[in-house]
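Worksheet: one structure, shown below.
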Amino acid sequence: MINISDSARIHFIKLLESQDDSTNDIRVFVVNPGTPNAECGVSFCPESAVENEDTKLDFEGFSAYIDPDSAPFLDDAEIDYVKEGLDYQLTLKAPNAKVREVSDNAPLTDRVNYIIQTDVNPQLASHGGMISLVDITEDGIAILKFGGGCQGCGMANVTLQDGVKKNLLEKFPNELTDVRDVTEHDDGENPYYR
């Protein structure tokens, strides 16, 4: 479920040594799991905070507890302690935190939405943008709507054609025939036209 690198494990052991005797473990969690606002976190977990429903993962030197609401969204999560610049930073990557991974036989809408949330939107987020799936027509056309910094952006069509459309058609070659944008780019906030 969760992979903790050796450097992160050693870091946690050092942090736990400075806690009182009742705090020998950590808790890994997701706030707002399954939503675009999902945030992952790690905290100390004293014995008094352990619940019967928690999942317990044993690591050398400590255990990690996960609440039942967070558990499905932490599949394939990775915790690492890496050097960034002159300092070290704890990183937690949970690719399924915002949307649960779907099986290969899930409905096409669910599978396309999963790719949008996990592959496409993280790239667009660096520009303050995002897209959402409006519909998939009977003839396999994915209808998308741009939002945030992508609405009104002069490069939205390039993003659609060279990025989003290409990605989705490659991932669903026998199911999607086209990808179209129905965003009213003249309406609302136009961050690039002010």
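By convention here, the chains of the structure tokens are called A, B, ... in the order presented, each chain's residues are numbered starting at 1, and ligands are numbered starting at 1 in the order presented.
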When you look at A:Val50 with a cut-off of 10 Å (counting only C-alpha atoms), what residues show up, excluding the ones that are within fewer than 4 positions of it in the same chain? I need them as a count of residues only. 11
Would you return as a list of chain:residue names the members of stretch 23-162 of chain A that DSSP assigns to alpha helix (DSSP H) on this structure's backbone? A:Leu108, A:Thr109, A:Asp110, A:Arg111, A:Val112, A:Asn113, A:Tyr114, A:Ile115, A:Asn121, A:Pro122, A:Gln123, A:Leu124, A:Ala125, A:Ala156, A:Asn157, A:Val158
Please save N, CA and C atoms of the selected residues as a JSON list (two decimals), in the first residue's frame.
[["chain", "number", "residue", "atom", "x", "y", "z"],
["A", 108, "LEU", "N", -16.05, 3.57, -19.26],
["A", 108, "LEU", "CA", -15.13, 4.45, -19.96],
["A", 108, "LEU", "C", -15.07, 5.82, -19.30],
["A", 109, "THR", "N", -16.18, 6.37, -18.88],
["A", 109, "THR", "CA", -16.22, 7.68, -18.23],
["A", 109, "THR", "C", -15.31, 7.70, -17.01],
["A", 110, "ASP", "N", -15.37, 6.66, -16.19],
["A", 110, "ASP", "CA", -14.53, 6.59, -14.99],
["A", 110, "ASP", "C", -13.06, 6.50, -15.34],
["A", 111, "ARG", "N", -12.73, 5.71, -16.37],
["A", 111, "ARG", "CA", -11.33, 5.54, -16.75],
["A", 111, "ARG", "C", -10.76, 6.82, -17.36],
["A", 112, "VAL", "N", -11.55, 7.51, -18.19],
["A", 112, "VAL", "CA", -11.10, 8.78, -18.77],
["A", 112, "VAL", "C", -10.94, 9.83, -17.68],
["A", 113, "ASN", "N", -11.90, 9.90, -16.76],
["A", 113, "ASN", "CA", -11.82, 10.87, -15.67],
["A", 113, "ASN", "C", -10.59, 10.61, -14.80],
["A", 114, "TYR", "N", -10.26, 9.34, -14.58],
["A", 114, "TYR", "CA", -9.07, 9.00, -13.79],
["A", 114, "TYR", "C", -7.81, 9.55, -14.46],
["A", 115, "ILE", "N", -7.68, 9.37, -15.76],
["A", 115, "ILE", "CA", -6.51, 9.86, -16.49],
["A", 115, "ILE", "C", -6.47, 11.39, -16.45],
["A", 121, "ASN", "N", -4.52, 16.97, -15.25],
["A", 121, "ASN", "CA", -4.68, 18.12, -14.37],
["A", 121, "ASN", "C", -3.46, 18.48, -13.53],
["A", 122, "PRO", "N", -2.66, 17.52, -13.08],
["A", 122, "PRO", "CA", -1.44, 17.93, -12.38],
["A", 122, "PRO", "C", -0.51, 18.78, -13.25],
["A", 123, "GLN", "N", -0.46, 18.51, -14.55],
["A", 123, "GLN", "CA", 0.36, 19.32, -15.44],
["A", 123, "GLN", "C", -0.24, 20.71, -15.64],
["A", 124, "LEU", "N", -1.56, 20.78, -15.76],
["A", 124, "LEU", "CA", -2.23, 22.06, -15.97],
["A", 124, "LEU", "C", -2.24, 22.90, -14.69],
["A", 125, "ALA", "N", -2.16, 22.26, -13.54],
["A", 125, "ALA", "CA", -2.21, 22.97, -12.27],
["A", 125, "ALA", "C", -1.04, 23.94, -12.11],
["A", 156, "ALA", "N", -5.14, 27.57, -25.10],
["A", 156, "ALA", "CA", -6.03, 26.46, -24.74],
["A", 156, "ALA", "C", -6.18, 25.46, -25.89],
["A", 157, "ASN", "N", -6.28, 25.95, -27.12],
["A", 157, "ASN", "CA", -6.44, 25.03, -28.25],
["A", 157, "ASN", "C", -5.18, 24.19, -28.47],
["A", 158, "VAL", "N", -4.01, 24.78, -28.27],
["A", 158, "VAL", "CA", -2.75, 24.03, -28.39],
["A", 158, "VAL", "C", -2.68, 22.98, -27.28]]
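As for atom CA of A:Ser18 and atom CA of A:Leu74, they are spaced 27.0 Å apart.
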Residues near A:Asp80, anyone? I mean within 9 Å using only C-alpha atoms, not counting same-chain ones fewer than 2 positions away, as a ChimeraX atom specification. /A:3-9,78,82,89-93
Between atom CA of A:Lys14 and atom CA of A:Met1, what is the distance in Å, rounded to a tenth?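 Going from atom CA of A:Lys14 over to atom CA of A:Met1 covers 23.2 Å.
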Where in stretch 48-81 of chain A does DSSP assign strand (DSSP E), given as a list in words?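 Everything in stretch 48-81 of chain A that counts as strand (DSSP E) is Thr55, Lys56, Leu57, Asp58, Phe59, Phe62, Ser63, Ala64, Tyr65, Ile66, Ala77, Glu78, Ile79, Asp80 and Tyr81 of chain A.
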In terms of only C-alpha atoms, the residue from A:Gly61, A:Pro107, A:Gly163, A:Gly34 at minimal distance from A:Phe73 is A:Gly34
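In this comparison, which uses only C-alpha atoms, the residue of A:Glu17, A:Pro36, A:Lys171, A:Phe146 approaching A:Asp104 most closely is A:Lys171.
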Hey, which of A:Ser126, A:Leu168, A:Glu84, A:Ser22 ends up closest to A:Ala49? Count only C-alpha atoms. A:Ser22
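Considering the residues A:Glu101, A:Val179, A:Ser48, A:Ile116 and counting only C-alpha atoms, A:Thr137 has its shortest atom-to-atom contact with A:Val179.
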Would you mind reading off the distance between atom CA of A:Lys83 and atom CA of A:Ser43, one decimal, in Å?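 Interatomic distance here is 20.7 Å.
Here the question is which of A:Gly154, A:Ser132, A:Val102, A:Asn167 gets nearest to A:Asp181 using only C-alpha atoms, and that residue is A:Ser132.
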Pick out the closest residue to A:Val182 from this set: A:Glu47, A:Asp119, A:Glu60, A:Asp135. Count only C-alpha atoms. A:Asp135
